[in-house]
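Undergrad: If it helps, the file is called work21.txt and holds compact mmCIF, C-alpha atoms:
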# COMPACT_ATOMS: atom_id res chain seq x y z
CA MET S 1 23.42 -24.53 -10.04
CA SER S 2 26.08 -22.15 -8.72
CA PRO S 3 26.30 -21.41 -4.97
CA GLY S 4 23.17 -19.75 -3.68
CA ARG S 5 19.81 -19.62 -5.41
CA VAL S 6 19.93 -16.61 -7.75
CA VAL S 7 16.51 -15.37 -8.83
CA PRO S 8 16.47 -12.89 -11.76
CA VAL S 9 14.24 -9.84 -12.00
CA THR S 10 13.80 -8.57 -15.56
CA ASN S 11 10.03 -7.98 -15.74
CA PRO S 12 7.05 -7.38 -13.41
CA GLU S 13 6.17 -11.08 -13.23
CA GLU S 14 9.68 -12.04 -12.16
CA LEU S 15 9.69 -9.16 -9.65
CA ALA S 16 6.54 -10.51 -8.00
CA GLU S 17 7.97 -14.04 -7.90
CA ALA S 18 11.32 -12.87 -6.51
CA ALA S 19 9.66 -10.72 -3.84
CA ALA S 20 7.45 -13.64 -2.78
CA ALA S 21 10.45 -15.97 -2.57
CA ALA S 22 12.46 -13.41 -0.57
CA LEU S 23 9.60 -12.83 1.86
CA ALA S 24 9.16 -16.57 2.36
CA ALA S 25 12.84 -16.90 3.26
CA LEU S 26 12.77 -13.85 5.54
CA ARG S 27 9.76 -15.21 7.44
CA THR S 28 11.81 -18.30 8.36
CA GLY S 29 14.65 -16.13 9.71
CA GLU S 30 16.93 -16.65 6.69
CA PRO S 31 19.09 -13.73 5.51
CA VAL S 32 18.53 -12.89 1.83
CA GLY S 33 20.77 -11.23 -0.75
CA VAL S 34 19.00 -8.20 -2.19
CA PRO S 35 19.68 -5.42 -4.74
CA THR S 36 19.42 -1.99 -3.13
CA ASP S 37 19.72 1.15 -5.26
CA THR S 38 23.36 1.53 -4.17
CA VAL S 39 24.99 -1.86 -3.52
CA TYR S 40 23.95 -5.47 -3.02
CA GLY S 41 22.90 -6.09 0.55
CA LEU S 42 22.11 -8.82 3.02
CA ALA S 43 18.63 -8.43 4.50
CA ALA S 44 16.79 -9.75 7.54
CA GLY S 45 13.43 -8.85 9.02
CA ALA S 46 13.91 -5.74 11.16
CA GLY S 47 11.85 -7.28 13.95
CA ASP S 48 13.77 -10.57 14.00
CA ALA S 49 16.72 -10.21 16.40
CA ASP S 50 17.93 -13.78 15.80
CA ALA S 51 17.94 -13.30 12.02
CA ILE S 52 19.92 -10.08 12.36
CA GLN S 53 22.43 -11.90 14.57
CA ARG S 54 22.80 -14.56 11.86
CA LEU S 55 23.31 -11.81 9.31
CA PHE S 56 26.16 -10.33 11.39
CA GLU S 57 27.73 -13.76 11.81
CA LEU S 58 27.44 -14.45 8.08
CA LYS S 59 29.50 -11.41 7.14
CA GLU S 60 31.77 -11.63 10.23
CA ARG S 61 30.72 -8.17 11.36
CA PRO S 62 31.12 -6.94 14.96
CA ALA S 63 27.80 -7.16 16.78
CA ASP S 64 28.12 -3.65 18.20
CA ARG S 65 27.96 -2.01 14.77
CA SER S 66 24.73 -0.31 13.80
CA ILE S 67 22.65 -1.51 10.85
CA ALA S 68 20.45 0.48 8.48
CA VAL S 69 16.75 -0.21 8.11
CA LEU S 70 15.14 -0.04 4.68
CA VAL S 71 11.45 0.87 4.48
CA ALA S 72 8.79 0.95 1.80
CA ASP S 73 7.38 4.37 2.75
CA VAL S 74 7.65 7.24 5.22
CA ALA S 75 4.89 5.79 7.40
CA ALA S 76 7.02 2.70 8.01
CA ALA S 77 10.02 4.89 8.89
CA GLU S 78 7.91 6.78 11.42
CA THR S 79 7.27 3.58 13.36
CA LEU S 80 11.02 3.40 14.03
CA VAL S 81 12.29 6.99 14.31
CA GLU S 82 11.00 10.39 15.36
CA PHE S 83 10.59 12.39 12.16
CA THR S 84 11.62 15.97 12.87
CA PRO S 85 10.71 18.73 10.40
CA GLN S 86 14.27 18.47 9.05
CA ALA S 87 13.96 14.73 8.53
CA ARG S 88 10.61 15.16 6.81
CA ARG S 89 11.96 17.76 4.39
CA LEU S 90 14.93 15.55 3.54
CA ALA S 91 12.68 12.55 2.96
CA GLU S 92 10.36 14.58 0.75
CA ARG S 93 13.31 15.76 -1.35
CA PHE S 94 15.57 12.71 -1.55
CA TRP S 95 13.38 9.64 -0.97
CA PRO S 96 13.21 7.22 -2.57
CA GLY S 97 16.96 7.39 -3.08
CA PRO S 98 20.45 7.03 -1.61
CA LEU S 99 19.98 8.96 1.64
CA THR S 100 20.04 7.25 5.04
CA ILE S 101 18.50 9.44 7.75
CA VAL S 102 19.73 8.83 11.29
CA ALA S 103 17.13 10.00 13.81
CA ALA S 104 16.02 9.36 17.38
CA ARG S 105 14.33 6.00 17.81
CA THR S 106 10.69 5.76 18.81
CA ALA S 107 9.68 4.10 22.05
CA SER S 108 8.16 1.23 20.06
CA ALA S 109 11.25 0.52 17.89
CA PRO S 110 12.78 -2.93 18.47
CA PRO S 111 15.65 -2.63 20.97
CA HIS S 112 18.07 -4.62 18.80
CA LEU S 113 17.94 -2.07 15.97
CA GLY S 114 20.31 0.85 15.70
CA LYS S 115 23.09 1.95 17.97
CA GLY S 116 22.17 3.70 21.20
CA SER S 117 19.31 6.16 20.90
CA THR S 118 19.21 6.41 17.08
CA ILE S 119 18.31 4.33 14.02
CA GLY S 120 19.27 4.94 10.40
CA VAL S 121 16.39 4.56 7.93
CA ARG S 122 16.21 4.74 4.14
CA LEU S 123 13.58 4.38 1.45
CA PRO S 124 15.39 2.78 -1.52
CA GLY S 125 14.65 3.75 -5.10
CA ASP S 126 14.92 0.20 -6.42
CA ASP S 127 11.51 -1.29 -7.27
CA THR S 128 12.55 -4.80 -6.25
CA MET S 129 13.78 -3.61 -2.87
CA GLN S 130 10.59 -1.65 -2.28
CA ALA S 131 8.51 -4.74 -3.05
CA ILE S 132 10.48 -6.86 -0.58
CA ALA S 133 10.29 -4.19 2.12
CA GLY S 134 6.58 -3.61 1.54
CA PRO S 135 5.25 -5.98 4.25
CA GLY S 136 7.65 -4.59 6.86
CA PRO S 137 11.00 -2.85 7.40
CA LEU S 138 14.21 -4.76 6.68
CA ALA S 139 17.57 -4.59 8.44
CA VAL S 140 20.09 -4.40 5.60
CA THR S 141 23.87 -4.31 5.47
CA SER S 142 26.20 -4.44 2.47
CA ALA S 143 26.75 -7.93 1.05
CA ASN S 144 30.43 -8.26 1.89
CA LEU S 145 32.66 -9.79 4.48
CA HIS S 146 33.36 -7.14 7.10
CA GLY S 147 35.92 -4.70 5.73
CA GLY S 148 36.02 -6.35 2.31
CA PRO S 149 34.69 -5.31 -1.12
CA THR S 150 31.02 -5.73 -2.01
CA PRO S 151 30.28 -7.72 -5.19
CA SER S 152 28.51 -5.68 -7.85
CA THR S 153 26.44 -8.63 -9.09
CA ALA S 154 24.03 -11.15 -7.59
CA GLN S 155 26.22 -14.00 -8.80
CA GLY S 156 29.16 -12.50 -6.93
CA VAL S 157 27.08 -12.33 -3.75
CA ALA S 158 25.99 -15.95 -4.17
CA GLU S 159 29.59 -17.07 -4.59
CA LEU S 160 30.78 -15.05 -1.59
CA PHE S 161 27.96 -16.39 0.62
CA PRO S 162 27.23 -19.94 -0.65
CA THR S 163 24.96 -20.72 2.33
CA LEU S 164 22.45 -18.03 1.37
CA ARG S 165 19.10 -19.57 0.52
CA LEU S 166 18.27 -16.82 -1.95
CA VAL S 167 19.89 -13.93 -3.82
CA VAL S 168 17.59 -11.64 -5.81
CA ASP S 169 19.29 -10.58 -9.05
CA GLY S 170 18.47 -6.95 -9.91
CA GLY S 171 21.40 -6.51 -12.29
CA PRO S 172 24.72 -4.78 -11.58
CA ARG S 173 24.73 -2.23 -8.77
CA PRO S 174 26.62 1.10 -9.03
CA GLY S 175 28.62 0.45 -5.87
CA ALA S 176 28.38 3.94 -4.31
CA SER S 177 27.10 3.74 -0.73
CA SER S 178 24.29 6.03 0.40
CA THR S 179 24.88 9.36 2.08
CA VAL S 180 24.24 9.03 5.84
CA VAL S 181 23.01 12.14 7.65
CA ASP S 182 22.33 12.56 11.37
CA VAL S 183 19.40 14.92 12.04
CA THR S 184 19.35 14.67 15.83
CA ALA S 185 21.16 18.02 16.24
CA ALA S 186 20.07 21.50 15.14
CA THR S 187 22.43 21.28 12.16
CA PRO S 188 22.50 18.00 10.20
CA VAL S 189 25.80 16.12 10.28
CA VAL S 190 26.95 13.92 7.39
CA LEU S 191 28.31 10.70 8.87
CA ARG S 192 29.20 9.18 5.49
CA GLU S 193 29.61 10.98 2.19
CA GLY S 194 27.75 9.58 -0.77
CA PRO S 195 25.81 10.70 -3.86
CA ILE S 196 24.02 13.49 -1.93
CA SER S 197 26.31 16.27 -0.70
CA LEU S 198 26.19 18.22 2.56
CA ASP S 199 25.46 21.40 0.58
CA GLU S 200 22.41 19.74 -0.98
CA ILE S 201 21.21 18.64 2.44
CA LEU S 202 21.70 22.08 4.02
CA ALA S 203 19.90 23.71 1.09
CA VAL S 204 16.84 21.56 1.80
CA VAL S 205 16.74 22.03 5.56
CA LYS S 206 17.75 25.72 5.23
CA VAL S 207 20.04 25.80 8.25
The structure given in the file should be rewritten as structure tokens.
TA:
Amino acid sequence: MSPGRVVPVTNPEELAEAAAAALAALRTGEPVGVPTDTVYGLAAGAGDADAIQRLFELKERPADRSIAVLVADVAAAETLVEFTPQARRLAERFWPGPLTIVAARTASAPPHLGKGSTIGVRLPGDDTMQAIAGPGPLAVTSANLHGGPTPSTAQGVAELFPTLRLVVDGGPRPGASSTVVDVTAATPVVLREGPISLDEILAVVKV
């Protein structure tokens, strides 16, 4: 077998098996390669600080960089960030999908998540990713070495990170990162441009 254990997802039965295998690995603190709706990512349990540290070490990423959290529904996002009316309207319009909403953290959010007083959260549109995130939020970063390109296939991720216990194969990913919008101010600020434009965001929040 090639580096990494690559598990395909081509039907509902395989999806259930892949999600179960990913969750088993995540429960032991192992990072897992996953297909988001934008790029392949490396995931760790959002509540597991040691696993997130291993994830950063795996991709040689500076520890002071923030990391996005992927959730299975709005209720899970609300355990981590304060959902303002603006954030709620954006979630209703663009979730599930390629929009990361940066909002003020809740008092109960794990201290190792996010950067400073905010956390970025996203509800992905990919069915496999939603199944893996169902039992609890996941800290996810792109599956690349820091500053390098992200493979578009699960096999590429497995070859780049041969120590990964598991890579879930959801087929080729489009490669366009999500739009990241900060809603902590009166007017939303786009921190990273992606598939959703600032004009689309402002039209929804009606600033």
Undergrad: Write out as a PyMOL selection string which residues come within 10 Å of stretch 113-127 of chain S when counting only C-alpha atoms, dropping same-chain ones fewer than 5 positions away.
TA: chain S and resi 12+15+35-38+46-49+52+64-74+76-78+80-82+91+94-107+132-133+137-140+170+178+180-184
Undergrad: Under the rule that all atoms listed in the file are counted, which of S:Glu60, S:Ala131, S:Gln86, S:Val190 is the nearest residue to S:Val9?
TA: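 Nearest candidate to S:Val9 out of S:Glu60, S:Ala131, S:Gln86, S:Val190: S:Ala131.
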Undergrad: Have a look at atom CA of S:Ile196 and atom CA of S:Thr179 and let me know their distance in Å, one decimal.
TA: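 Between atom CA of S:Ile196 and atom CA of S:Thr179 the gap works out to 5.8 Å.
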Undergrad: Taking only C-alpha atoms into account, name the residue in S:Ala24, S:Leu58, S:Val168, S:Ala176 that is nearest to S:Thr153.
TA: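 Counting only C-alpha atoms, the residue closest to S:Thr153 is S:Val168.
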Undergrad: Do you have the atom CA of S:Pro149-atom CA of S:Ala51 distance handy?
TA: 22.7 Å
